[in-house]
file final_35.txt (compact mmCIF, C-alpha atoms)
# COMPACT_ATOMS: atom_id res chain seq x y z
CA MET D 1 21.74 -13.18 4.04
CA THR D 2 19.75 -11.55 1.24
CA ARG D 3 16.01 -11.91 1.11
CA ALA D 4 14.04 -11.51 -2.06
CA ALA D 5 10.38 -11.69 -2.97
CA TRP D 6 9.36 -12.65 -6.45
CA PHE D 7 5.91 -11.91 -7.80
CA HIS D 8 4.87 -13.84 -10.89
CA CYS D 9 2.34 -11.33 -12.17
CA PHE D 10 1.51 -12.94 -15.49
CA SER D 11 -1.80 -11.07 -15.61
CA GLY D 12 -1.06 -8.14 -13.29
CA ILE D 13 -1.40 -7.52 -9.58
CA ALA D 14 -3.39 -5.06 -7.53
CA GLY D 15 -1.76 -2.98 -4.80
CA ASP D 16 -3.93 -4.51 -2.09
CA MET D 17 -2.93 -7.98 -3.23
CA ALA D 18 0.78 -7.11 -3.15
CA LEU D 19 0.47 -5.49 0.27
CA GLY D 20 -1.47 -8.49 1.59
CA ALA D 21 1.26 -10.86 0.36
CA LEU D 22 4.01 -8.77 1.95
CA ILE D 23 2.16 -8.56 5.28
CA ASP D 24 1.48 -12.29 5.11
CA ALA D 25 5.22 -12.80 4.57
CA GLY D 26 6.04 -10.87 7.73
CA ALA D 27 5.90 -7.11 7.10
CA PRO D 28 4.71 -5.61 10.42
CA VAL D 29 1.24 -4.07 10.02
CA ASP D 30 2.01 -1.42 12.65
CA GLU D 31 5.07 -0.28 10.69
CA VAL D 32 3.12 -0.18 7.41
CA TRP D 33 0.43 1.88 9.16
CA ALA D 34 2.99 4.27 10.67
CA LEU D 35 4.65 4.87 7.29
CA LEU D 36 1.31 5.50 5.58
CA GLU D 37 0.37 8.00 8.26
CA ARG D 38 3.30 10.17 7.11
CA LEU D 39 1.44 10.96 3.90
CA PRO D 40 -0.74 14.10 3.93
CA VAL D 41 -3.92 12.15 3.20
CA ASP D 42 -6.89 12.11 5.56
CA GLY D 43 -9.83 9.74 5.87
CA TRP D 44 -8.20 6.44 4.88
CA THR D 45 -8.56 3.05 6.49
CA LEU D 46 -6.47 -0.10 6.40
CA THR D 47 -8.17 -3.40 7.18
CA VAL D 48 -6.03 -6.53 7.51
CA GLU D 49 -7.67 -9.93 8.00
CA PRO D 50 -6.66 -13.55 7.51
CA THR D 51 -8.59 -15.19 4.69
CA LEU D 52 -9.07 -18.60 3.10
CA ARG D 53 -10.06 -18.83 -0.58
CA GLY D 54 -10.10 -22.00 -2.61
CA GLY D 55 -8.18 -23.77 0.15
CA ILE D 56 -5.36 -21.20 0.09
CA ALA D 57 -4.70 -19.12 3.20
CA GLY D 58 -3.54 -15.54 2.89
CA THR D 59 -3.99 -12.02 4.19
CA ASP D 60 -6.76 -9.82 2.85
CA VAL D 61 -5.83 -6.13 2.93
CA ARG D 62 -8.32 -3.42 2.06
CA VAL D 63 -7.44 0.22 1.75
CA GLY D 64 -10.46 2.50 1.90
CA SER D 65 -11.19 6.18 1.96
CA ALA D 66 -13.98 8.38 3.23
CA ASP D 67 -14.43 9.69 -0.34
CA GLN D 68 -15.16 6.21 -1.64
CA ALA D 69 -17.58 5.43 1.17
CA HIS D 70 -19.58 8.64 0.76
CA HIS D 71 -19.26 9.50 -2.91
CA GLY D 72 -18.43 6.22 -4.62
CA HIS D 73 -15.17 7.51 -6.10
CA ALA D 74 -11.65 8.34 -5.05
CA HIS D 75 -9.87 11.68 -5.21
CA HIS D 76 -7.61 11.83 -8.26
CA ARG D 77 -4.14 13.36 -8.06
CA ARG D 78 -1.56 14.19 -10.69
CA ALA D 79 1.78 12.39 -10.66
CA SER D 80 3.51 15.62 -9.59
CA GLU D 81 1.22 15.86 -6.54
CA ILE D 82 1.90 12.25 -5.56
CA LEU D 83 5.67 12.68 -5.96
CA ALA D 84 5.55 15.81 -3.79
CA MET D 85 3.68 13.84 -1.14
CA VAL D 86 6.32 11.08 -1.23
CA ASP D 87 9.12 13.66 -1.02
CA GLY D 88 7.54 15.37 1.98
CA ALA D 89 6.69 12.20 3.92
CA GLY D 90 10.17 11.64 5.33
CA PHE D 91 10.25 8.03 4.18
CA PRO D 92 13.53 6.09 4.45
CA ASP D 93 15.70 6.84 1.38
CA ARG D 94 15.33 3.38 -0.14
CA MET D 95 11.55 3.46 0.22
CA ALA D 96 11.23 6.99 -1.20
CA HIS D 97 13.46 6.06 -4.16
CA ARG D 98 11.35 2.99 -4.94
CA ALA D 99 8.09 4.88 -4.56
CA ARG D 100 9.33 7.56 -6.96
CA ALA D 101 10.54 4.91 -9.44
CA THR D 102 7.17 3.21 -9.38
call {"tool": "encode", "arguments": {"input": "final_35.txt", "output": "structure tokens"}}
result
Amino acid sequence: MTRAAWFHCFSGIAGDMALGALIDAGAPVDEVWALLERLPVDGWTLTVEPTLRGGIAGTDVRVGSADQAHHGHAHHRRASEILAMVDGAGFPDRMAHRARAT
């Protein structure tokens, strides 16, 4: 059986919204956390909570960083730095390919 997710992003989508939808659909939070820990980035947090807005239930995911909490802004990286981080994380091939394509 093939499973597919379709996002109708007629006006865009934020990463936290997409991650919340995928976790709500069954992606294991512990596995998401473990994969993110492979990246050479310190001081981040991942908060996952059930939410109800306008009568619609979902999962609220918030990704935070120590930089944002203390300085009000995030650290900026060049695409080449991010791609090197993805390459060095040891992600499964399919995941690394999709991350690089994104």
call {"tool": "residues_around", "arguments": {"input": "final_35.txt", "residues": "D:Gly20", "least_positions_apart": "2", "cutoff": "12 Å", "atoms": "only C-alpha atoms", "output": "PyMOL selection string"}}
result
chain D and resi 13-18+22-29+32+46-51+57-63
call {"tool": "closest_residue", "arguments": {"input": "final_35.txt", "among": "D:Arg3, D:Ser80, D:Gly88, D:Arg53", "to": "D:Pro40", "atoms": "all atoms listed in the file"}}
result
D:Gly88
call {"tool": "closest_residue", "arguments": {"input": "final_35.txt", "among": "D:Thr102, D:His97, D:Trp6, D:Ala84", "to": "D:Leu39", "atoms": "only C-alpha atoms"}}
result
D:Ala84
call {"tool": "residues_around", "arguments": {"input": "final_35.txt", "residues": "stretch 35-38 of chain D", "least_positions_apart": "6", "cutoff": "8 Å", "atoms": "only C-alpha atoms", "output": "mmCIF file with C-alpha atoms, in the coordinates of the input"}}
result
data_model
loop_
_atom_site.group_PDB
_atom_site.id
_atom_site.type_symbol
_atom_site.label_atom_id
_atom_site.label_comp_id
_atom_site.auth_asym_id
_atom_site.auth_seq_id
_atom_site.Cartn_x
_atom_site.Cartn_y
_atom_site.Cartn_z
ATOM 1 C CA ALA D 89 6.690 12.200 3.920
ATOM 2 C CA GLY D 90 10.170 11.640 5.330
ATOM 3 C CA PHE D 91 10.250 8.030 4.180
#
call {"tool": "residues_around", "arguments": {"input": "final_35.txt", "residues": "D:Ser65", "least_positions_apart": "5", "cutoff": "7 Å", "atoms": "only C-alpha atoms", "output": "number ranges by chain"}}
result
D: 43-45
call {"tool": "atom_distance", "arguments": {"input": "final_35.txt", "atom1": "atom CA of D:Ala21", "atom2": "atom CA of D:Met85"}}
result
24.9 Å
call {"tool": "residues_around", "arguments": {"input": "final_35.txt", "residues": "D:Leu83", "least_positions_apart": "3", "cutoff": "10 Å", "atoms": "all atoms listed in the file", "output": "list of chain:residue names"}}
result
D:Arg78, D:Ala79, D:Ser80, D:Val86, D:Asp87, D:Gly88, D:Ala89, D:Ala96, D:Ala99, D:Arg100, D:Ala101
call {"tool": "atom_distance", "arguments": {"input": "final_35.txt", "atom1": "atom CA of D:Trp33", "atom2": "atom CA of D:Leu19"}}
result
11.5 Å
call {"tool": "atom_distance", "arguments": {"input": "final_35.txt", "atom1": "atom CA of D:His76", "atom2": "atom CA of D:Gly64"}}
result
14.1 Å
